[in-house]
>>> print(open('input-v7.cif').read())   # mmCIF, C-alpha atoms and all ligand atoms
data_target
loop_
_atom_site.label_atom_id
_atom_site.label_comp_id
_atom_site.auth_asym_id
_atom_site.auth_seq_id
_atom_site.Cartn_x
_atom_site.Cartn_y
_atom_site.Cartn_z
CA MET F 618 -6.49 13.44 0.59
CA ALA F 619 -4.77 10.14 1.18
CA GLU F 620 -1.09 10.35 0.53
CA TYR F 621 1.56 7.76 0.09
CA GLU F 622 5.19 7.13 1.05
CA ALA F 623 6.45 5.02 -1.80
CA ILE F 624 4.22 6.00 -4.71
CA ARG F 625 2.33 8.96 -6.16
CA TYR F 626 -1.22 8.88 -7.47
CA GLU F 627 -1.78 11.27 -10.35
CA THR F 628 -4.54 12.04 -12.85
CA PRO F 629 -2.63 13.32 -15.89
CA ALA F 630 -5.57 13.31 -18.33
CA PRO F 631 -9.36 12.90 -18.26
CA GLY F 632 -10.23 9.33 -17.35
CA VAL F 633 -6.60 8.40 -16.64
CA ALA F 634 -4.91 7.59 -13.33
CA ARG F 635 -1.15 7.16 -13.07
CA ILE F 636 0.46 5.21 -10.24
CA VAL F 637 4.11 6.23 -10.04
CA MET F 638 6.63 4.24 -8.03
CA ALA F 639 8.63 6.90 -6.22
CA ARG F 640 11.67 5.32 -4.64
CA PRO F 641 14.28 6.32 -7.23
CA GLU F 642 17.05 6.19 -4.61
CA ALA F 643 16.29 2.45 -4.30
CA ARG F 644 15.74 2.06 -8.06
CA ASN F 645 12.03 1.67 -7.23
CA ALA F 646 12.64 -1.60 -5.42
CA GLN F 647 9.28 -2.94 -4.32
CA ASP F 648 9.12 -3.12 -0.53
CA LEU F 649 6.05 -3.88 1.58
CA THR F 650 5.02 -0.23 1.76
CA MET F 651 5.13 0.10 -2.01
CA THR F 652 3.28 -3.18 -2.51
CA TYR F 653 0.37 -2.23 -0.28
CA GLU F 654 0.30 1.33 -1.59
CA ILE F 655 0.13 0.14 -5.20
CA ASP F 656 -2.73 -2.13 -4.21
CA ALA F 657 -4.49 0.75 -2.45
CA ALA F 658 -3.95 2.94 -5.51
CA PHE F 659 -5.48 0.31 -7.80
CA ALA F 660 -8.43 0.06 -5.42
CA ARG F 661 -8.83 3.83 -5.55
CA ALA F 662 -8.72 3.87 -9.35
CA GLY F 663 -11.09 0.92 -9.52
CA ARG F 664 -13.70 2.55 -7.31
CA ASP F 665 -13.51 5.89 -9.12
CA ASP F 666 -15.96 5.64 -12.02
CA ALA F 667 -14.31 8.63 -13.66
CA ILE F 668 -11.10 6.60 -14.13
CA LYS F 669 -11.11 4.29 -17.15
CA CYS F 670 -7.43 3.49 -17.70
CA VAL F 671 -4.46 3.24 -15.31
CA ILE F 672 -0.77 3.76 -16.03
CA LEU F 673 1.88 2.13 -13.84
CA ALA F 674 5.18 4.01 -14.06
CA GLY F 675 8.36 4.55 -12.07
CA ASP F 676 10.44 7.63 -11.35
CA ASP F 677 13.71 7.80 -13.30
CA PRO F 678 16.17 6.38 -13.88
CA HIS F 679 14.85 2.80 -13.58
CA PHE F 680 11.36 1.31 -13.66
CA SER F 681 12.10 -1.31 -10.98
CA SER F 682 15.01 -3.28 -9.63
CA GLY F 683 12.66 -5.93 -8.23
CA HIS F 684 11.67 -6.94 -4.73
CA ASP F 685 13.21 -5.17 -1.78
CA LEU F 686 13.68 -8.00 0.69
CA ARG F 687 14.91 -5.80 3.50
CA GLY F 688 11.58 -4.22 4.41
CA LYS F 689 11.39 -0.56 5.25
CA ALA F 690 12.16 0.60 8.78
CA GLY F 691 11.72 -2.87 10.22
CA LYS F 692 8.11 -3.10 9.02
CA THR F 693 6.63 -6.58 8.72
CA ILE F 694 3.60 -7.86 6.90
CA HIS F 695 1.60 -7.32 10.12
CA ASP F 696 2.08 -3.56 9.82
CA PHE F 697 -0.27 -3.58 6.81
CA GLU F 698 -3.85 -4.55 6.21
CA GLN F 699 -3.51 -7.94 4.60
CA ILE F 700 -5.25 -8.73 1.33
CA SER F 701 -5.60 -12.50 1.45
CA HIS F 702 -7.13 -14.69 4.14
CA TRP F 703 -4.38 -17.30 4.07
CA GLY F 704 -2.70 -16.27 7.34
CA ALA F 705 0.14 -18.19 9.05
CA PHE F 706 2.67 -15.60 7.93
CA ASP F 707 4.97 -16.36 10.87
CA ALA F 708 4.71 -20.15 10.66
CA GLY F 709 7.92 -22.18 10.58
CA GLY F 710 9.20 -24.45 7.81
CA ALA F 711 8.01 -23.71 4.30
CA GLU F 712 4.57 -22.60 5.53
CA GLY F 713 5.31 -19.02 6.57
CA ARG F 714 7.30 -18.09 3.49
CA LEU F 715 4.69 -19.61 1.18
CA ALA F 716 2.00 -17.62 2.99
CA ARG F 717 3.94 -14.37 2.71
CA GLU F 718 4.82 -14.85 -0.95
CA MET F 719 1.26 -15.87 -1.76
CA GLU F 720 0.09 -12.61 -0.17
CA ILE F 721 2.62 -10.08 -1.42
CA TYR F 722 3.77 -11.59 -4.74
CA LEU F 723 1.45 -14.15 -6.32
CA GLY F 724 -1.71 -12.76 -4.74
CA VAL F 725 -1.26 -9.10 -5.63
CA SER F 726 -0.04 -10.01 -9.11
CA LYS F 727 -3.30 -11.88 -9.75
CA ARG F 728 -5.34 -8.96 -8.41
CA TRP F 729 -3.52 -6.38 -10.49
CA ARG F 730 -3.58 -8.54 -13.63
CA ASP F 731 -7.37 -8.89 -13.30
CA PHE F 732 -7.92 -5.26 -12.25
CA PRO F 733 -11.11 -4.58 -14.23
CA LYS F 734 -9.92 -1.57 -16.24
CA PRO F 735 -7.18 -1.39 -18.86
CA THR F 736 -3.67 -0.85 -17.49
CA ILE F 737 -0.49 0.31 -19.17
CA ALA F 738 3.05 -0.18 -17.85
CA ALA F 739 5.47 2.56 -18.91
CA VAL F 740 8.91 1.02 -18.50
CA GLN F 741 12.25 2.80 -18.74
CA GLY F 742 15.79 1.87 -17.73
CA LYS F 743 16.20 -1.43 -15.93
CA CYS F 744 13.36 -3.80 -15.12
CA ILE F 745 14.65 -6.74 -13.13
CA ALA F 746 13.10 -9.86 -11.58
CA GLY F 747 10.14 -8.65 -9.46
CA GLY F 748 10.08 -5.57 -11.71
CA LEU F 749 9.06 -7.86 -14.57
CA MET F 750 6.04 -8.93 -12.53
CA LEU F 751 4.93 -5.29 -12.24
CA ALA F 752 5.16 -4.80 -16.00
CA TRP F 753 3.67 -8.17 -16.91
CA VAL F 754 0.50 -7.77 -14.85
CA CYS F 755 -0.39 -4.73 -16.94
CA ASP F 756 -2.42 -5.13 -20.15
CA LEU F 757 -0.09 -3.12 -22.36
CA ILE F 758 3.63 -2.45 -21.99
CA LEU F 759 5.27 0.63 -23.47
CA ALA F 760 9.05 0.51 -23.16
CA SER F 761 11.63 3.23 -23.69
CA ASP F 762 14.23 2.43 -26.32
CA ASP F 763 16.87 2.02 -23.60
CA ALA F 764 14.81 -0.32 -21.39
CA GLN F 765 16.48 -3.57 -20.37
CA PHE F 766 14.88 -6.63 -18.83
CA ARG F 767 16.23 -9.57 -16.86
CA ASP F 768 15.17 -12.33 -14.48
CA PRO F 769 18.37 -13.50 -12.78
CA VAL F 770 16.89 -15.51 -9.91
CA ILE F 771 18.33 -18.79 -11.18
CA ASP F 772 21.62 -17.46 -9.76
CA LEU F 773 19.86 -17.39 -6.39
CA GLY F 774 18.75 -21.00 -6.71
CA ALA F 775 15.14 -20.43 -7.73
CA CYS F 776 13.14 -21.17 -10.88
CA GLY F 777 12.13 -17.64 -11.86
CA VAL F 778 10.08 -15.03 -10.02
CA GLU F 779 6.86 -15.86 -8.18
CA TRP F 780 4.62 -14.72 -11.06
CA PHE F 781 5.86 -17.21 -13.66
CA ALA F 782 4.58 -15.57 -16.82
CA HIS F 783 7.88 -15.97 -18.68
CA PRO F 784 6.72 -18.64 -21.16
CA TRP F 785 3.65 -16.58 -22.04
CA GLU F 786 5.56 -13.32 -22.35
CA LEU F 787 8.73 -14.50 -24.07
CA GLY F 788 7.70 -17.67 -25.90
CA TRP F 789 8.59 -21.14 -24.67
CA ARG F 790 12.14 -21.44 -26.03
CA LYS F 791 13.24 -17.87 -25.34
CA ALA F 792 11.84 -18.20 -21.82
CA LYS F 793 14.07 -21.21 -21.23
CA GLU F 794 17.13 -19.52 -22.74
CA LEU F 795 16.68 -16.32 -20.75
CA LEU F 796 15.89 -18.20 -17.52
CA PHE F 797 18.84 -20.61 -17.90
CA THR F 798 21.34 -17.84 -18.73
CA ALA F 799 19.86 -14.97 -16.67
CA ASP F 800 20.77 -12.76 -19.64
CA TRP F 801 19.48 -9.26 -20.28
CA PHE F 802 17.09 -8.62 -23.14
CA SER F 803 16.31 -5.30 -24.77
CA ALA F 804 13.09 -3.40 -25.36
CA GLU F 805 13.27 -4.23 -29.07
CA GLU F 806 13.78 -7.95 -28.35
CA ALA F 807 10.86 -7.81 -25.91
CA ARG F 808 8.73 -6.24 -28.64
CA GLN F 809 9.66 -9.06 -30.99
CA PHE F 810 8.64 -11.64 -28.35
CA GLY F 811 5.24 -9.94 -28.12
CA MET F 812 5.86 -8.84 -24.54
CA VAL F 813 6.19 -5.13 -25.33
CA ASN F 814 3.58 -3.29 -27.42
CA GLN F 815 5.65 -0.29 -28.46
CA VAL F 816 9.25 0.90 -28.13
CA ILE F 817 9.39 4.66 -27.65
CA PRO F 818 12.22 7.19 -27.35
CA ARG F 819 12.81 7.67 -23.64
CA ALA F 820 12.07 11.39 -23.61
CA GLU F 821 8.61 10.68 -25.10
CA LEU F 822 7.64 7.65 -23.00
CA ALA F 823 5.58 9.41 -20.32
CA ASP F 824 3.63 11.55 -22.82
CA LYS F 825 2.97 8.63 -25.17
CA ALA F 826 1.65 6.53 -22.29
CA VAL F 827 -0.76 9.30 -21.26
CA GLU F 828 -1.81 9.82 -24.88
CA LEU F 829 -2.60 6.14 -25.33
CA ALA F 830 -4.39 5.90 -21.97
CA ALA F 831 -6.46 8.98 -22.80
CA ARG F 832 -7.49 7.46 -26.13
CA ILE F 833 -8.52 4.24 -24.41
CA ALA F 834 -10.41 6.29 -21.81
CA THR F 835 -12.72 7.64 -24.53
CA LYS F 836 -14.18 4.14 -25.08
CA PRO F 837 -17.27 2.83 -23.26
CA ALA F 838 -16.32 1.76 -19.72
CA PHE F 839 -18.25 -1.50 -19.62
CA ALA F 840 -16.98 -2.61 -23.03
CA LEU F 841 -13.43 -1.96 -21.87
CA LYS F 842 -13.95 -4.15 -18.80
CA ALA F 843 -15.62 -6.88 -20.83
CA THR F 844 -12.89 -6.81 -23.48
CA LYS F 845 -10.08 -7.00 -20.94
CA LEU F 846 -11.65 -9.88 -19.06
CA ALA F 847 -12.52 -11.65 -22.31
CA VAL F 848 -8.83 -11.78 -23.24
CA ASN F 849 -7.69 -12.66 -19.71
CA GLN F 850 -10.26 -15.44 -19.45
CA MET F 851 -9.22 -16.81 -22.84
CA GLN F 852 -5.65 -16.93 -21.54
CA ASP F 853 -6.88 -18.62 -18.36
CA ALA F 854 -8.76 -21.18 -20.43
CA ALA F 855 -5.45 -21.95 -22.14
CA GLY F 856 -3.92 -22.76 -18.76
CA PHE F 857 -2.41 -19.48 -17.61
CA GLN F 858 -3.73 -19.40 -14.03
CA ASN F 859 -3.38 -23.14 -13.47
CA GLY F 860 0.21 -23.01 -14.65
CA MET F 861 0.92 -20.04 -12.44
CA ASN F 862 -0.42 -21.86 -9.37
CA THR F 863 1.54 -25.01 -10.13
CA VAL F 864 4.85 -23.26 -10.74
CA PHE F 865 4.46 -21.26 -7.53
CA ALA F 866 4.90 -24.59 -5.74
CA TRP F 867 8.21 -25.22 -7.58
CA HIS F 868 9.34 -21.75 -6.55
CA GLN F 869 8.51 -22.52 -2.91
CA LEU F 870 10.29 -25.86 -3.15
CA CYS F 871 13.42 -24.02 -4.32
CA HIS F 872 13.21 -21.72 -1.27
CA ALA F 873 12.73 -24.72 1.03
CA HIS F 874 15.67 -26.52 -0.61
CA ASN F 875 17.89 -23.46 -0.11
CA MET F 876 16.81 -23.25 3.54
CA GLN F 877 17.89 -26.87 4.04
CA MET F 878 21.13 -26.46 2.13
CA PHE F 879 22.24 -22.94 3.11
CA ASN F 880 20.00 -21.94 6.01
CA MET F 881 18.58 -19.11 3.89
CA ALA F 882 15.89 -18.87 1.22
CA VAL F 883 18.32 -18.28 -1.64
CA ASP F 884 21.59 -19.83 -2.76
CA PRO F 885 24.21 -17.41 -1.36
CA SER F 886 26.63 -18.05 -4.24
CA GLY F 887 24.41 -15.85 -6.43
CA LEU F 888 24.20 -12.90 -4.04
CA ALA F 889 25.92 -9.58 -4.71
CA PRO F 890 29.30 -9.37 -2.88
CA SER F 891 28.07 -6.72 -0.40
CA VAL F 892 25.06 -8.80 0.60
CA LYS F 893 27.07 -12.02 0.55
CA GLY F 894 29.61 -10.67 3.07
CA ARG F 895 26.86 -10.06 5.61
CA THR F 896 25.30 -13.42 4.83
CA ASP F 897 28.54 -15.39 5.18
CA ALA F 898 29.15 -13.80 8.58
CA ARG F 899 25.66 -14.80 9.67
CA LEU F 900 26.07 -18.35 8.38
CA GLU F 901 29.41 -18.74 10.16
CA LYS F 902 27.78 -17.69 13.39
CA LYS F 903 25.02 -20.21 12.91
CA GLY F 904 27.40 -22.92 11.74
ZN ZN F 1001 10.21 -16.21 -3.63
#
>>> encode(input="input-v7.cif", output="structure tokens", more="lines below")
Ligand code: ZN
Amino acid sequence: MAEYEAIRYETPAPGVARIVMARPEARNAQDLTMTYEIDAAFARAGRDDAIKCVILAGDDPHFSSGHDLRGKAGKTIHDFEQISHWGAFDAGGAEGRLAREMEIYLGVSKRWRDFPKPTIAAVQGKCIAGGLMLAWVCDLILASDDAQFRDPVIDLGACGVEWFAHPWELGWRKAKELLFTADWFSAEEARQFGMVNQVIPRAELADKAVELAARIATKPAFALKATKLAVNQMQDAAGFQNGMNTVFAWHQLCHAHNMQMFNMAVDPSGLAPSVKGRTDARLEKKG
């Protein structure tokens, strides 16, 4: 049976698969291994006709701290079977970074959002930046009462994460406020925005997610697919995908700007002190 390094694949109830991010020591930061394993797990659940609903969860204490930019054990994108046909991952200038982010961020987010069976994110603890993307691509979001959300990438000189669903998830004005300030928002606030379906006591989150998924899994499979895609396509007709593609270019422009200004893809003034120390040393060497 295929096994995984960064996730677990479970079947906690009839008709239900659960993909569990299992890097709690790294607060479930999403590295390349996790990205490709989540994609493989969705493929497995998609091809298994017995599975009708998929839960995406993370081992305690936190759902996801976002993208892990370090890469595990020196692995590069070439160590994995690539999903897109874009290529040019090692190209210079803006080209290589755009290619990589199209593959591992925008591309997989689109695939998982349009995965043709209902999906439920079960979110506890902190859900930051790239972690939001993981929750947002799911159809339903159940959050523990102590869940906290935040996209702080403006501090790193970028206009939000690569999957720019903020205006759709938070509402136009709240999206601006929370992007400009990089402030945290709570599970209850997220529920009020319409981003979170239900707020659940933390101890009950996992069971409630399975219960809901199992109920959904009793419905006719084809009607579930049709219903999901009907809503997604209505959202696309309202501009969702087009907007996402356009804003991805702004995100890449921010990276390119930072490369020109600081010789790195992010503005170093927003980095954590530990990371910044290493970065400053590197910049001094280059300078
Ligand atoms: Zn980026």
>>> closest_residue(input="input-v7.cif", among="F:Trp789, F:Trp780, F:Tyr653, F:Tyr626", to="ligand ZN 1001 (chain F)", atoms="all atoms listed in the file")
F:Trp780
>>> residues_near_ligand(input="input-v7.cif", ligand="ligand ZN 1001 (chain F)", cutoff="7 Å", atoms="all atoms listed in the file", output="list in words")
Glu718, Val778, Glu779, His868, Gln869 and His872 of chain F
>>> write_last_selection(input="input-v7.cif", atoms="C-alpha atoms", output="mmCIF file, in the coordinates of the input")
data_model
loop_
_atom_site.group_PDB
_atom_site.id
_atom_site.type_symbol
_atom_site.label_atom_id
_atom_site.label_comp_id
_atom_site.auth_asym_id
_atom_site.auth_seq_id
_atom_site.Cartn_x
_atom_site.Cartn_y
_atom_site.Cartn_z
ATOM 1 C CA GLU F 718 4.820 -14.850 -0.950
ATOM 2 C CA VAL F 778 10.080 -15.030 -10.020
ATOM 3 C CA GLU F 779 6.860 -15.860 -8.180
ATOM 4 C CA HIS F 868 9.340 -21.750 -6.550
ATOM 5 C CA GLN F 869 8.510 -22.520 -2.910
ATOM 6 C CA HIS F 872 13.210 -21.720 -1.270
#
>>> atom_distance(input="input-v7.cif", atom1="atom CA of Ala746 of chain F", atom2="atom CA of Gly683 of chain F")
5.2 Å
>>> axis_aligned_box(input="input-v7.cif", around="segment 719-737 of chain F", padding_each_side="5 Å", output="lines of an AutoDock Vina configuration file")
center_x = -3.7
center_y = -7.8
center_z = -9.7
size_x = 24.9
size_y = 26.2
size_z = 29.0
>>> residues_near_point(input="input-v7.cif", point="(22.4, -10.4, -18.7)", cutoff="12 Å", atoms="all atoms listed in the file", output="ChimeraX atom specification")
/F:743-746,765-772,794-803
>>> closest_residue(input="input-v7.cif", among="F:Thr863, F:Ile694, F:Glu642, F:Trp703", to="Leu715 of chain F", atoms="all atoms listed in the file")
F:Trp703
>>> closest_residue(input="input-v7.cif", among="F:Lys669, F:Arg687, F:Arg790, F:Arg714", to="Phe732 of chain F", atoms="only C-alpha atoms")
F:Lys669
>>> closest_residue(input="input-v7.cif", among="F:Val725, F:Ala716, F:Val827, F:Leu649", to="Asp685 of chain F", atoms="all atoms listed in the file")
F:Leu649
>>> build_atoms(input="input-v7.cif", residues="segment 671-688 of chain F", atoms="N, CA and C atoms", output="CSV table (one decimal), in the coordinates of the input")
chain,number,residue,atom,x,y,z
F,671,VAL,N,-5.5,3.0,-16.3
F,671,VAL,CA,-4.5,3.2,-15.3
F,671,VAL,C,-3.1,3.0,-15.9
F,672,ILE,N,-2.2,3.9,-15.6
F,672,ILE,CA,-0.8,3.8,-16.0
F,672,ILE,C,0.0,3.4,-14.8
F,673,LEU,N,0.9,2.4,-14.9
F,673,LEU,CA,1.9,2.1,-13.8
F,673,LEU,C,3.3,2.5,-14.3
F,674,ALA,N,3.9,3.5,-13.6
F,674,ALA,CA,5.2,4.0,-14.1
F,674,ALA,C,6.1,4.1,-12.9
F,675,GLY,N,7.4,4.4,-13.1
F,675,GLY,CA,8.4,4.6,-12.1
F,675,GLY,C,9.2,5.8,-12.3
F,676,ASP,N,9.6,6.5,-11.2
F,676,ASP,CA,10.4,7.6,-11.4
F,676,ASP,C,11.8,7.2,-11.9
F,677,ASP,N,12.4,8.1,-12.7
F,677,ASP,CA,13.7,7.8,-13.3
F,677,ASP,C,14.8,7.6,-12.2
F,678,PRO,N,15.8,6.8,-12.5
F,678,PRO,CA,16.2,6.4,-13.9
F,678,PRO,C,15.7,5.0,-14.2
F,679,HIS,N,15.2,4.2,-13.3
F,679,HIS,CA,14.8,2.8,-13.6
F,679,HIS,C,13.4,2.5,-13.2
F,680,PHE,N,12.7,1.7,-14.0
F,680,PHE,CA,11.4,1.3,-13.7
F,680,PHE,C,11.3,0.5,-12.3
F,681,SER,N,12.1,-0.5,-12.2
F,681,SER,CA,12.1,-1.3,-11.0
F,681,SER,C,13.2,-2.3,-11.0
F,682,SER,N,13.9,-2.3,-9.8
F,682,SER,CA,15.0,-3.3,-9.6
F,682,SER,C,14.5,-4.6,-9.0
F,683,GLY,N,13.2,-4.7,-8.8
F,683,GLY,CA,12.7,-5.9,-8.2
F,683,GLY,C,12.2,-5.8,-6.8
F,684,HIS,N,12.1,-6.9,-6.1
F,684,HIS,CA,11.7,-6.9,-4.7
F,684,HIS,C,12.7,-6.4,-3.8
F,685,ASP,N,12.3,-5.6,-2.8
F,685,ASP,CA,13.2,-5.2,-1.8
F,685,ASP,C,13.0,-6.1,-0.6
F,686,LEU,N,13.9,-7.0,-0.3
F,686,LEU,CA,13.7,-8.0,0.7
F,686,LEU,C,14.0,-7.5,2.1
F,687,ARG,N,14.5,-6.3,2.2
F,687,ARG,CA,14.9,-5.8,3.5
F,687,ARG,C,13.7,-5.3,4.3
F,688,GLY,N,12.7,-4.8,3.7
F,688,GLY,CA,11.6,-4.2,4.4
F,688,GLY,C,12.0,-2.9,5.0
